[in-house]
$ cat target-v2.txt   # compact mmCIF, N, CA and C atoms
# COMPACT_ATOMS: atom_id res chain seq x y z
N MET A 1 -49.74 88.26 -40.39
CA MET A 1 -49.65 89.06 -39.18
C MET A 1 -48.19 89.13 -38.78
N SER A 2 -47.68 90.31 -38.53
CA SER A 2 -46.28 90.48 -38.16
C SER A 2 -46.15 90.53 -36.64
N LEU A 3 -44.91 90.47 -36.16
CA LEU A 3 -44.67 90.59 -34.72
C LEU A 3 -45.21 91.91 -34.19
N ASN A 4 -45.07 92.97 -34.95
CA ASN A 4 -45.60 94.26 -34.50
C ASN A 4 -47.10 94.19 -34.34
N ASP A 5 -47.79 93.52 -35.28
CA ASP A 5 -49.24 93.37 -35.17
C ASP A 5 -49.59 92.58 -33.91
N LEU A 6 -48.81 91.52 -33.63
CA LEU A 6 -49.07 90.69 -32.46
C LEU A 6 -48.92 91.49 -31.17
N ARG A 7 -47.90 92.32 -31.14
CA ARG A 7 -47.63 93.05 -29.92
C ARG A 7 -48.70 94.11 -29.64
N THR A 8 -49.41 94.56 -30.68
CA THR A 8 -50.44 95.57 -30.45
C THR A 8 -51.83 94.97 -30.37
N ALA A 9 -52.00 93.72 -30.82
CA ALA A 9 -53.31 93.08 -30.71
C ALA A 9 -53.55 92.73 -29.24
N PRO A 10 -54.63 93.23 -28.64
CA PRO A 10 -54.84 93.03 -27.20
C PRO A 10 -54.82 91.57 -26.77
N GLU A 11 -55.38 90.67 -27.58
CA GLU A 11 -55.44 89.27 -27.15
C GLU A 11 -54.08 88.57 -27.18
N PHE A 12 -53.08 89.18 -27.84
CA PHE A 12 -51.75 88.57 -27.92
C PHE A 12 -50.68 89.39 -27.23
N ALA A 13 -51.03 90.59 -26.77
CA ALA A 13 -50.03 91.53 -26.25
C ALA A 13 -49.18 90.95 -25.12
N SER A 14 -49.77 90.11 -24.28
CA SER A 14 -49.02 89.61 -23.12
C SER A 14 -48.38 88.25 -23.37
N LEU A 15 -48.57 87.69 -24.55
CA LEU A 15 -48.03 86.35 -24.82
C LEU A 15 -46.58 86.41 -25.28
N PRO A 16 -45.76 85.51 -24.75
CA PRO A 16 -44.38 85.45 -25.25
C PRO A 16 -44.35 84.85 -26.66
N ILE A 17 -43.26 85.11 -27.35
CA ILE A 17 -43.07 84.58 -28.70
C ILE A 17 -42.42 83.21 -28.59
N GLY A 18 -42.95 82.24 -29.33
CA GLY A 18 -42.38 80.90 -29.37
C GLY A 18 -41.60 80.70 -30.65
N GLU A 19 -40.29 80.57 -30.53
CA GLU A 19 -39.44 80.36 -31.69
C GLU A 19 -38.93 78.93 -31.68
N PHE A 20 -39.15 78.22 -32.76
CA PHE A 20 -38.68 76.85 -32.89
C PHE A 20 -37.48 76.85 -33.81
N ALA A 21 -36.32 76.42 -33.29
CA ALA A 21 -35.05 76.42 -34.03
C ALA A 21 -34.71 77.86 -34.43
N PHE A 22 -33.79 77.99 -35.38
CA PHE A 22 -33.40 79.29 -35.90
C PHE A 22 -34.16 79.53 -37.20
N PRO A 23 -34.37 80.79 -37.59
CA PRO A 23 -35.05 81.04 -38.87
C PRO A 23 -34.35 80.29 -40.01
N GLY A 24 -35.17 79.70 -40.89
CA GLY A 24 -34.63 78.95 -42.01
C GLY A 24 -35.37 77.64 -42.21
N PRO A 25 -34.78 76.73 -42.96
CA PRO A 25 -35.48 75.49 -43.32
C PRO A 25 -35.96 74.66 -42.14
N LEU A 26 -35.16 74.54 -41.06
CA LEU A 26 -35.60 73.73 -39.93
C LEU A 26 -36.79 74.38 -39.24
N ARG A 27 -36.75 75.69 -39.03
CA ARG A 27 -37.91 76.35 -38.42
C ARG A 27 -39.14 76.17 -39.30
N ASP A 28 -38.98 76.33 -40.60
CA ASP A 28 -40.12 76.17 -41.51
C ASP A 28 -40.71 74.77 -41.39
N GLN A 29 -39.85 73.76 -41.30
CA GLN A 29 -40.30 72.37 -41.15
C GLN A 29 -41.06 72.19 -39.83
N LEU A 30 -40.51 72.73 -38.75
CA LEU A 30 -41.14 72.57 -37.44
C LEU A 30 -42.47 73.31 -37.36
N VAL A 31 -42.52 74.51 -37.89
CA VAL A 31 -43.78 75.28 -37.88
C VAL A 31 -44.84 74.55 -38.70
N ALA A 32 -44.47 74.01 -39.85
CA ALA A 32 -45.43 73.25 -40.67
C ALA A 32 -45.94 72.04 -39.89
N ALA A 33 -45.07 71.38 -39.14
CA ALA A 33 -45.48 70.21 -38.34
C ALA A 33 -46.40 70.62 -37.20
N ILE A 34 -46.17 71.80 -36.62
CA ILE A 34 -47.08 72.30 -35.59
C ILE A 34 -48.45 72.55 -36.20
N LEU A 35 -48.46 73.20 -37.35
CA LEU A 35 -49.73 73.56 -37.99
C LEU A 35 -50.50 72.35 -38.49
N ASP A 36 -49.79 71.29 -38.92
CA ASP A 36 -50.52 70.10 -39.39
C ASP A 36 -50.83 69.11 -38.25
N GLY A 37 -50.39 69.45 -37.02
CA GLY A 37 -50.73 68.63 -35.86
C GLY A 37 -49.77 67.49 -35.58
N SER A 38 -48.74 67.32 -36.39
CA SER A 38 -47.82 66.20 -36.15
C SER A 38 -46.76 66.53 -35.09
N LYS A 39 -46.56 67.80 -34.79
CA LYS A 39 -45.61 68.19 -33.74
C LYS A 39 -46.39 68.67 -32.53
N THR A 40 -46.28 67.91 -31.44
CA THR A 40 -46.97 68.26 -30.21
C THR A 40 -46.03 68.27 -29.01
N SER A 41 -44.73 68.14 -29.28
CA SER A 41 -43.75 68.24 -28.20
C SER A 41 -42.50 68.93 -28.73
N THR A 42 -41.71 69.44 -27.80
CA THR A 42 -40.45 70.08 -28.16
C THR A 42 -39.49 69.96 -26.99
N THR A 43 -38.23 70.20 -27.26
CA THR A 43 -37.18 70.03 -26.26
C THR A 43 -36.21 71.19 -26.31
N ALA A 44 -35.80 71.64 -25.15
CA ALA A 44 -34.74 72.64 -25.03
C ALA A 44 -33.81 72.20 -23.91
N THR A 45 -32.58 72.66 -23.96
CA THR A 45 -31.69 72.40 -22.83
C THR A 45 -32.02 73.39 -21.72
N LEU A 46 -31.88 72.96 -20.50
CA LEU A 46 -32.13 73.84 -19.36
C LEU A 46 -31.20 75.05 -19.39
N ILE A 47 -29.97 74.83 -19.80
CA ILE A 47 -29.01 75.93 -19.81
C ILE A 47 -29.41 77.05 -20.77
N GLU A 48 -30.18 76.73 -21.82
CA GLU A 48 -30.65 77.78 -22.73
C GLU A 48 -31.45 78.83 -21.97
N PHE A 49 -32.28 78.40 -21.04
CA PHE A 49 -33.11 79.33 -20.27
C PHE A 49 -32.23 80.19 -19.36
N GLU A 50 -31.18 79.58 -18.82
CA GLU A 50 -30.26 80.32 -17.98
C GLU A 50 -29.49 81.36 -18.80
N VAL A 51 -28.98 80.95 -19.95
CA VAL A 51 -28.22 81.87 -20.82
C VAL A 51 -29.10 83.03 -21.27
N GLU A 52 -30.33 82.74 -21.65
CA GLU A 52 -31.25 83.78 -22.13
C GLU A 52 -31.92 84.54 -20.98
N GLN A 53 -31.66 84.11 -19.75
CA GLN A 53 -32.28 84.69 -18.55
C GLN A 53 -33.79 84.71 -18.67
N GLU A 54 -34.33 83.56 -19.11
CA GLU A 54 -35.77 83.39 -19.25
C GLU A 54 -36.28 82.45 -18.16
N GLU A 55 -37.51 82.70 -17.73
CA GLU A 55 -38.15 81.79 -16.79
C GLU A 55 -38.50 80.50 -17.51
N LEU A 56 -38.52 79.41 -16.76
CA LEU A 56 -38.94 78.14 -17.35
C LEU A 56 -40.41 78.22 -17.72
N PRO A 57 -40.77 77.57 -18.81
CA PRO A 57 -42.19 77.55 -19.19
C PRO A 57 -43.00 76.78 -18.16
N ARG A 58 -44.30 77.07 -18.11
CA ARG A 58 -45.20 76.40 -17.16
C ARG A 58 -46.39 75.82 -17.89
N THR A 59 -46.87 74.71 -17.39
CA THR A 59 -48.09 74.12 -17.92
C THR A 59 -49.19 75.18 -17.89
N GLY A 60 -49.92 75.29 -19.00
CA GLY A 60 -50.98 76.29 -19.11
C GLY A 60 -50.51 77.58 -19.78
N GLY A 61 -49.20 77.74 -19.88
CA GLY A 61 -48.66 78.93 -20.54
C GLY A 61 -48.97 78.90 -22.04
N ARG A 62 -49.11 80.06 -22.61
CA ARG A 62 -49.38 80.16 -24.05
C ARG A 62 -48.28 80.97 -24.72
N GLU A 63 -48.03 80.67 -25.99
CA GLU A 63 -47.02 81.37 -26.77
C GLU A 63 -47.55 81.57 -28.18
N VAL A 64 -47.06 82.63 -28.82
CA VAL A 64 -47.35 82.84 -30.23
C VAL A 64 -46.18 82.25 -31.02
N VAL A 65 -46.46 81.25 -31.83
CA VAL A 65 -45.44 80.62 -32.67
C VAL A 65 -45.19 81.50 -33.88
N VAL A 66 -43.91 81.77 -34.16
CA VAL A 66 -43.56 82.59 -35.31
C VAL A 66 -42.82 81.77 -36.36
N ASP A 67 -43.00 82.16 -37.61
CA ASP A 67 -42.31 81.50 -38.71
C ASP A 67 -40.95 82.16 -38.94
N SER A 68 -40.27 81.77 -39.99
CA SER A 68 -38.92 82.30 -40.27
C SER A 68 -38.91 83.79 -40.57
N GLU A 69 -40.03 84.34 -40.99
CA GLU A 69 -40.12 85.77 -41.26
C GLU A 69 -40.58 86.56 -40.04
N GLY A 70 -40.80 85.86 -38.93
CA GLY A 70 -41.24 86.54 -37.71
C GLY A 70 -42.73 86.77 -37.64
N ARG A 71 -43.49 86.15 -38.56
CA ARG A 71 -44.95 86.29 -38.55
C ARG A 71 -45.56 85.29 -37.57
N GLY A 72 -46.51 85.75 -36.78
CA GLY A 72 -47.25 84.86 -35.90
C GLY A 72 -48.15 83.95 -36.71
N VAL A 73 -48.05 82.65 -36.48
CA VAL A 73 -48.85 81.70 -37.26
C VAL A 73 -49.82 80.90 -36.41
N ALA A 74 -49.56 80.82 -35.11
CA ALA A 74 -50.42 80.03 -34.24
C ALA A 74 -50.18 80.41 -32.78
N VAL A 75 -51.15 80.07 -31.96
CA VAL A 75 -50.99 80.16 -30.52
C VAL A 75 -51.00 78.74 -29.99
N ILE A 76 -50.01 78.43 -29.15
CA ILE A 76 -49.97 77.11 -28.52
C ILE A 76 -50.13 77.27 -27.02
N GLU A 77 -50.65 76.22 -26.40
CA GLU A 77 -50.76 76.16 -24.94
C GLU A 77 -49.98 74.96 -24.46
N LEU A 78 -49.13 75.17 -23.47
CA LEU A 78 -48.34 74.09 -22.91
C LEU A 78 -49.22 73.20 -22.04
N THR A 79 -49.22 71.92 -22.33
CA THR A 79 -50.05 70.97 -21.58
C THR A 79 -49.22 70.16 -20.59
N GLU A 80 -47.89 70.18 -20.78
CA GLU A 80 -46.99 69.49 -19.85
C GLU A 80 -45.59 70.08 -20.00
N VAL A 81 -44.94 70.29 -18.88
CA VAL A 81 -43.54 70.72 -18.87
C VAL A 81 -42.85 69.88 -17.82
N ARG A 82 -41.74 69.23 -18.22
CA ARG A 82 -41.00 68.43 -17.25
C ARG A 82 -39.51 68.50 -17.55
N LEU A 83 -38.74 68.32 -16.50
CA LEU A 83 -37.29 68.28 -16.63
C LEU A 83 -36.86 66.82 -16.68
N ALA A 84 -35.88 66.54 -17.52
CA ALA A 84 -35.35 65.18 -17.63
C ALA A 84 -33.91 65.26 -18.13
N ARG A 85 -33.15 64.26 -17.79
CA ARG A 85 -31.80 64.14 -18.34
C ARG A 85 -31.92 63.69 -19.79
N LEU A 86 -30.94 64.04 -20.61
CA LEU A 86 -30.93 63.63 -22.01
C LEU A 86 -31.10 62.12 -22.13
N ALA A 87 -30.46 61.37 -21.26
CA ALA A 87 -30.54 59.90 -21.31
C ALA A 87 -31.92 59.36 -20.96
N GLU A 88 -32.81 60.20 -20.44
CA GLU A 88 -34.14 59.76 -20.00
C GLU A 88 -35.26 60.06 -20.98
N VAL A 89 -34.97 60.68 -22.12
CA VAL A 89 -36.01 61.02 -23.08
C VAL A 89 -36.64 59.72 -23.60
N ASP A 90 -37.96 59.68 -23.62
CA ASP A 90 -38.68 58.48 -24.03
C ASP A 90 -39.10 58.55 -25.49
N LEU A 91 -39.46 57.39 -26.04
CA LEU A 91 -39.82 57.28 -27.45
C LEU A 91 -41.04 58.13 -27.79
N GLN A 92 -42.05 58.16 -26.92
CA GLN A 92 -43.25 58.93 -27.24
C GLN A 92 -42.92 60.41 -27.42
N HIS A 93 -42.09 60.95 -26.55
CA HIS A 93 -41.69 62.35 -26.69
C HIS A 93 -40.96 62.56 -28.02
N ALA A 94 -40.05 61.66 -28.33
CA ALA A 94 -39.28 61.77 -29.58
C ALA A 94 -40.19 61.73 -30.80
N VAL A 95 -41.13 60.81 -30.83
CA VAL A 95 -42.06 60.69 -31.95
C VAL A 95 -42.94 61.94 -32.05
N ASP A 96 -43.40 62.43 -30.91
CA ASP A 96 -44.31 63.58 -30.89
C ASP A 96 -43.64 64.90 -31.28
N GLU A 97 -42.31 64.88 -31.46
CA GLU A 97 -41.63 66.08 -31.95
C GLU A 97 -41.98 66.34 -33.42
N GLY A 98 -42.57 65.35 -34.09
CA GLY A 98 -43.08 65.57 -35.44
C GLY A 98 -42.02 65.71 -36.52
N GLU A 99 -40.82 65.19 -36.25
CA GLU A 99 -39.74 65.30 -37.23
C GLU A 99 -39.45 63.97 -37.91
N GLY A 100 -40.33 62.99 -37.70
CA GLY A 100 -40.17 61.70 -38.36
C GLY A 100 -39.27 60.72 -37.62
N PHE A 101 -38.90 61.02 -36.39
CA PHE A 101 -38.05 60.10 -35.64
C PHE A 101 -38.83 58.85 -35.27
N THR A 102 -38.19 57.69 -35.42
CA THR A 102 -38.83 56.42 -35.06
C THR A 102 -38.10 55.73 -33.92
N SER A 103 -37.03 56.35 -33.42
CA SER A 103 -36.31 55.80 -32.26
C SER A 103 -35.73 56.96 -31.46
N VAL A 104 -35.46 56.69 -30.20
CA VAL A 104 -34.83 57.71 -29.36
C VAL A 104 -33.42 58.01 -29.86
N ALA A 105 -32.72 57.00 -30.35
CA ALA A 105 -31.37 57.20 -30.88
C ALA A 105 -31.39 58.16 -32.07
N GLN A 106 -32.37 58.00 -32.93
CA GLN A 106 -32.52 58.89 -34.09
C GLN A 106 -32.82 60.31 -33.63
N TRP A 107 -33.75 60.43 -32.69
CA TRP A 107 -34.10 61.73 -32.12
C TRP A 107 -32.87 62.39 -31.51
N ARG A 108 -32.12 61.62 -30.73
CA ARG A 108 -30.94 62.17 -30.05
C ARG A 108 -29.90 62.65 -31.07
N ALA A 109 -29.65 61.86 -32.09
CA ALA A 109 -28.67 62.24 -33.11
C ALA A 109 -29.07 63.56 -33.77
N GLY A 110 -30.35 63.70 -34.12
CA GLY A 110 -30.84 64.93 -34.74
C GLY A 110 -30.71 66.12 -33.82
N HIS A 111 -31.02 65.91 -32.54
CA HIS A 111 -30.94 67.03 -31.60
C HIS A 111 -29.49 67.37 -31.26
N GLU A 112 -28.63 66.38 -31.16
CA GLU A 112 -27.22 66.68 -30.91
C GLU A 112 -26.62 67.46 -32.07
N GLU A 113 -27.02 67.12 -33.28
CA GLU A 113 -26.55 67.88 -34.45
C GLU A 113 -26.95 69.35 -34.32
N PHE A 114 -28.19 69.60 -33.90
CA PHE A 114 -28.66 70.97 -33.71
C PHE A 114 -27.92 71.65 -32.55
N TRP A 115 -27.85 70.98 -31.40
CA TRP A 115 -27.22 71.58 -30.23
C TRP A 115 -25.73 71.83 -30.42
N HIS A 116 -25.09 71.05 -31.27
CA HIS A 116 -23.66 71.21 -31.52
C HIS A 116 -23.37 72.08 -32.75
N SER A 117 -24.41 72.66 -33.33
CA SER A 117 -24.24 73.48 -34.54
C SER A 117 -23.56 74.81 -34.19
N PRO A 118 -22.91 75.41 -35.18
CA PRO A 118 -22.29 76.72 -34.94
C PRO A 118 -23.31 77.77 -34.46
N GLU A 119 -24.53 77.73 -35.00
CA GLU A 119 -25.56 78.71 -34.60
C GLU A 119 -25.90 78.57 -33.12
N MET A 120 -26.06 77.32 -32.68
CA MET A 120 -26.42 77.10 -31.28
C MET A 120 -25.24 77.44 -30.36
N ARG A 121 -24.05 77.04 -30.75
CA ARG A 121 -22.88 77.37 -29.93
C ARG A 121 -22.70 78.88 -29.84
N ASP A 122 -22.99 79.59 -30.92
CA ASP A 122 -22.93 81.04 -30.91
C ASP A 122 -24.00 81.61 -29.97
N ALA A 123 -25.21 81.09 -30.06
CA ALA A 123 -26.30 81.55 -29.20
C ALA A 123 -26.00 81.29 -27.72
N MET A 124 -25.29 80.21 -27.45
CA MET A 124 -24.94 79.86 -26.08
C MET A 124 -23.71 80.64 -25.60
N GLY A 125 -23.00 81.29 -26.54
CA GLY A 125 -21.80 82.02 -26.18
C GLY A 125 -20.66 81.10 -25.79
N ASP A 126 -20.69 79.86 -26.34
CA ASP A 126 -19.68 78.86 -25.99
C ASP A 126 -19.34 78.03 -27.22
N PRO A 127 -18.19 78.28 -27.85
CA PRO A 127 -17.84 77.55 -29.07
C PRO A 127 -17.60 76.06 -28.83
N GLU A 128 -17.52 75.66 -27.57
CA GLU A 128 -17.30 74.25 -27.22
C GLU A 128 -18.56 73.59 -26.65
N PHE A 129 -19.69 74.29 -26.69
CA PHE A 129 -20.91 73.76 -26.07
C PHE A 129 -21.21 72.35 -26.57
N THR A 130 -21.49 71.46 -25.64
CA THR A 130 -21.83 70.09 -25.98
C THR A 130 -22.83 69.55 -24.97
N VAL A 131 -23.52 68.50 -25.36
CA VAL A 131 -24.48 67.84 -24.47
C VAL A 131 -24.04 66.40 -24.24
N GLY A 132 -24.53 65.83 -23.15
CA GLY A 132 -24.24 64.43 -22.82
C GLY A 132 -25.40 63.83 -22.06
N ASP A 133 -25.27 62.59 -21.65
CA ASP A 133 -26.36 61.89 -20.97
C ASP A 133 -26.96 62.67 -19.81
N ASP A 134 -26.14 63.40 -19.06
CA ASP A 134 -26.62 64.10 -17.88
C ASP A 134 -27.10 65.53 -18.13
N THR A 135 -27.06 65.98 -19.39
CA THR A 135 -27.55 67.33 -19.71
C THR A 135 -29.04 67.40 -19.37
N MET A 136 -29.40 68.40 -18.60
CA MET A 136 -30.81 68.56 -18.23
C MET A 136 -31.58 69.25 -19.36
N LEU A 137 -32.74 68.69 -19.65
CA LEU A 137 -33.60 69.18 -20.72
C LEU A 137 -34.93 69.65 -20.16
N VAL A 138 -35.58 70.52 -20.90
CA VAL A 138 -36.94 70.96 -20.61
C VAL A 138 -37.80 70.35 -21.71
N LEU A 139 -38.59 69.34 -21.35
CA LEU A 139 -39.46 68.67 -22.30
C LEU A 139 -40.85 69.31 -22.20
N GLN A 140 -41.35 69.76 -23.34
CA GLN A 140 -42.63 70.46 -23.35
C GLN A 140 -43.60 69.77 -24.31
N ARG A 141 -44.82 69.65 -23.87
CA ARG A 141 -45.90 69.13 -24.70
C ARG A 141 -46.90 70.27 -24.84
N PHE A 142 -47.51 70.39 -26.03
CA PHE A 142 -48.40 71.52 -26.29
C PHE A 142 -49.51 71.14 -27.25
N LYS A 143 -50.49 72.05 -27.33
CA LYS A 143 -51.56 71.92 -28.32
C LYS A 143 -51.78 73.29 -28.96
N VAL A 144 -52.18 73.28 -30.21
CA VAL A 144 -52.52 74.52 -30.90
C VAL A 144 -53.90 74.94 -30.45
N THR A 145 -54.02 76.18 -29.99
CA THR A 145 -55.33 76.68 -29.56
C THR A 145 -55.90 77.69 -30.56
N ALA A 146 -55.05 78.23 -31.43
CA ALA A 146 -55.53 79.16 -32.45
C ALA A 146 -54.53 79.21 -33.59
N ARG A 147 -55.07 79.30 -34.79
CA ARG A 147 -54.25 79.57 -35.99
C ARG A 147 -54.45 81.03 -36.32
N LEU A 148 -53.35 81.68 -36.66
CA LEU A 148 -53.43 83.11 -36.95
C LEU A 148 -53.43 83.35 -38.46
N PRO A 149 -54.15 84.38 -38.87
CA PRO A 149 -54.23 84.65 -40.32
C PRO A 149 -52.90 85.10 -40.91
$ encode --input "target-v2.txt" --output "structure tokens"
Amino acid sequence: MSLNDLRTAPEFASLPIGEFAFPGPLRDQLVAAILDGSKTSTTATLIEFEVEQEELPRTGGREVVVDSEGRGVAVIELTEVRLARLAEVDLQHAVDEGEGFTSVAQWRAGHEEFWHSPEMRDAMGDPEFTVGDDTMLVLQRFKVTARLP
């Protein structure tokens, strides 16, 4: 199913698109973890929503998860959304990201690598973009409610 199909299918027409990471190997890994049930949480910086001029997600909200080719693969429903400082992320959230992290330090290192990547700095419009202990994050927990063909 392509994005065009999703946008015309009545049951998905009003749902926002959920993109995990940038298209490529990391997105493929994250989408596979969503589909196999090992990824049930995700993290974004609060400033990303401001830069993209997007509303913050809300508990109960649904999104169509897309793969690297832009195909809809699943519908997720947000079961929890909370704001926290980077220094406040807990182990359960880190583990539930489904990327194999076994400590918050490991989770943080992986996420800092992503947030400090050229792709992310480009998306933020800031070649010096960096995060620190006080960076505000949007921590989201979700469940898959439908798999798409």
$ atom_distance --input "target-v2.txt" --atom1 "atom N of Leu30 of chain A" --atom2 "atom C of Val73 of chain A"
12.6 Å
$ closest_residue --input "target-v2.txt" --among "A:Gly61, A:Gly132, A:Gly100, A:Pro149" --to "Pro16 of chain A" --atoms "only N, CA and C atoms"
A:Gly61
$ select_by_dssp --input "target-v2.txt" --residues "chain A" --states "strand (DSSP E or B)" --output "ChimeraX atom specification"
/A:17-18,41-45,62-66,72-85,136-147
$ atom_distance --input "target-v2.txt" --atom1 "atom N of Ala84 of chain A" --atom2 "atom CA of Leu35 of chain A"
25.7 Å
$ residues_around --input "target-v2.txt" --residues "Pro25 of chain A" --least-positions-apart "5" --cutoff "12 Å" --atoms "only C-alpha atoms" --output "JSON, numbers by chain"
{"A": [20, 30, 31, 32, 67, 68, 69]}
$ closest_residue --input "target-v2.txt" --among "A:Met120, A:Glu99, A:Ala94, A:Trp115" --to "Gln29 of chain A" --atoms "only C-alpha atoms"
A:Glu99
$ residues_around --input "target-v2.txt" --residues "Leu86 of chain A" --least-positions-apart "4" --cutoff "8 Å" --atoms "all atoms listed in the file" --output "list in words"
Asp90, Arg108, Val131, Gly132, Asp133, Asp134, Thr135, Met136, Leu137 and Val138 of chain A
$ atom_distance --input "target-v2.txt" --atom1 "atom N of Val75 of chain A" --atom2 "atom C of Asp122 of chain A"
27.3 Å
$ residues_near_point --input "target-v2.txt" --point "(-43.0, 70.6, -18.4)" --cutoff "6 Å" --atoms "all atoms listed in the file" --output "tab-separated table (two decimals) with N, CA and C atoms, in the coordinates of the input"
chain	number	residue	atom	x	y	z
A	59	THR	N	-46.87	74.71	-17.39
A	59	THR	CA	-48.09	74.12	-17.92
A	59	THR	C	-49.19	75.18	-17.89
A	80	GLU	N	-47.89	70.18	-20.78
A	80	GLU	CA	-46.99	69.49	-19.85
A	80	GLU	C	-45.59	70.08	-20.00
A	81	VAL	N	-44.94	70.29	-18.88
A	81	VAL	CA	-43.54	70.72	-18.87
A	81	VAL	C	-42.85	69.88	-17.82
A	82	ARG	N	-41.74	69.23	-18.22
A	82	ARG	CA	-41.00	68.43	-17.25
A	82	ARG	C	-39.51	68.50	-17.55
A	83	LEU	N	-38.74	68.32	-16.50
A	83	LEU	CA	-37.29	68.28	-16.63
A	83	LEU	C	-36.86	66.82	-16.68
A	139	LEU	N	-38.59	69.34	-21.35
A	139	LEU	CA	-39.46	68.67	-22.30
A	139	LEU	C	-40.85	69.31	-22.20
A	140	GLN	N	-41.35	69.76	-23.34
A	140	GLN	CA	-42.63	70.46	-23.35
A	140	GLN	C	-43.60	69.77	-24.31
A	141	ARG	N	-44.82	69.65	-23.87
A	141	ARG	CA	-45.90	69.13	-24.70
A	141	ARG	C	-46.90	70.27	-24.84
$ closest_residue --input "target-v2.txt" --among "A:Arg58, A:Val95, A:Ser117, A:Asp126" --to "Thr79 of chain A" --atoms "only N, CA and C atoms"
A:Arg58
$ select_by_dssp --input "target-v2.txt" --residues "segment 58-129 of chain A" --states "helix (DSSP H, G or I)" --output "CSV table (one decimal) with N, CA and C atoms, in the frame of the given file"
chain,number,residue,atom,x,y,z
A,86,LEU,N,-30.9,64.0,-20.6
A,86,LEU,CA,-30.9,63.6,-22.0
A,86,LEU,C,-31.1,62.1,-22.1
A,87,ALA,N,-30.5,61.4,-21.3
A,87,ALA,CA,-30.5,59.9,-21.3
A,87,ALA,C,-31.9,59.4,-21.0
A,88,GLU,N,-32.8,60.2,-20.4
A,88,GLU,CA,-34.1,59.8,-20.0
A,88,GLU,C,-35.3,60.1,-21.0
A,91,LEU,N,-39.5,57.4,-26.0
A,91,LEU,CA,-39.8,57.3,-27.4
A,91,LEU,C,-41.0,58.1,-27.8
A,92,GLN,N,-42.0,58.2,-26.9
A,92,GLN,CA,-43.2,58.9,-27.2
A,92,GLN,C,-42.9,60.4,-27.4
A,93,HIS,N,-42.1,61.0,-26.6
A,93,HIS,CA,-41.7,62.4,-26.7
A,93,HIS,C,-41.0,62.6,-28.0
A,94,ALA,N,-40.0,61.7,-28.3
A,94,ALA,CA,-39.3,61.8,-29.6
A,94,ALA,C,-40.2,61.7,-30.8
A,95,VAL,N,-41.1,60.8,-30.8
A,95,VAL,CA,-42.1,60.7,-32.0
A,95,VAL,C,-42.9,61.9,-32.0
A,96,ASP,N,-43.4,62.4,-30.9
A,96,ASP,CA,-44.3,63.6,-30.9
A,96,ASP,C,-43.6,64.9,-31.3
A,104,VAL,N,-35.5,56.7,-30.2
A,104,VAL,CA,-34.8,57.7,-29.4
A,104,VAL,C,-33.4,58.0,-29.9
A,105,ALA,N,-32.7,57.0,-30.4
A,105,ALA,CA,-31.4,57.2,-30.9
A,105,ALA,C,-31.4,58.2,-32.1
A,106,GLN,N,-32.4,58.0,-32.9
A,106,GLN,CA,-32.5,58.9,-34.1
A,106,GLN,C,-32.8,60.3,-33.6
A,107,TRP,N,-33.8,60.4,-32.7
A,107,TRP,CA,-34.1,61.7,-32.1
A,107,TRP,C,-32.9,62.4,-31.5
A,108,ARG,N,-32.1,61.6,-30.7
A,108,ARG,CA,-30.9,62.2,-30.0
A,108,ARG,C,-29.9,62.6,-31.1
A,109,ALA,N,-29.6,61.9,-32.1
A,109,ALA,CA,-28.7,62.2,-33.1
A,109,ALA,C,-29.1,63.6,-33.8
A,110,GLY,N,-30.4,63.7,-34.1
A,110,GLY,CA,-30.8,64.9,-34.7
A,110,GLY,C,-30.7,66.1,-33.8
A,111,HIS,N,-31.0,65.9,-32.5
A,111,HIS,CA,-30.9,67.0,-31.6
A,111,HIS,C,-29.5,67.4,-31.3
A,112,GLU,N,-28.6,66.4,-31.2
A,112,GLU,CA,-27.2,66.7,-30.9
A,112,GLU,C,-26.6,67.5,-32.1
A,113,GLU,N,-27.0,67.1,-33.3
A,113,GLU,CA,-26.6,67.9,-34.4
A,113,GLU,C,-27.0,69.4,-34.3
A,114,PHE,N,-28.2,69.6,-33.9
A,114,PHE,CA,-28.7,71.0,-33.7
A,114,PHE,C,-27.9,71.6,-32.6
A,115,TRP,N,-27.8,71.0,-31.4
A,115,TRP,CA,-27.2,71.6,-30.2
A,115,TRP,C,-25.7,71.8,-30.4
A,118,PRO,N,-22.9,75.4,-35.2
A,118,PRO,CA,-22.3,76.7,-34.9
A,118,PRO,C,-23.3,77.8,-34.5
A,119,GLU,N,-24.5,77.7,-35.0
A,119,GLU,CA,-25.6,78.7,-34.6
A,119,GLU,C,-25.9,78.6,-33.1
A,120,MET,N,-26.1,77.3,-32.7
A,120,MET,CA,-26.4,77.1,-31.3
A,120,MET,C,-25.2,77.4,-30.4
A,121,ARG,N,-24.0,77.0,-30.8
A,121,ARG,CA,-22.9,77.4,-29.9
A,121,ARG,C,-22.7,78.9,-29.8
A,122,ASP,N,-23.0,79.6,-30.9
A,122,ASP,CA,-22.9,81.0,-30.9
A,122,ASP,C,-24.0,81.6,-30.0
A,123,ALA,N,-25.2,81.1,-30.1
A,123,ALA,CA,-26.3,81.6,-29.2
A,123,ALA,C,-26.0,81.3,-27.7
A,124,MET,N,-25.3,80.2,-27.4
A,124,MET,CA,-24.9,79.9,-26.1
A,124,MET,C,-23.7,80.6,-25.6
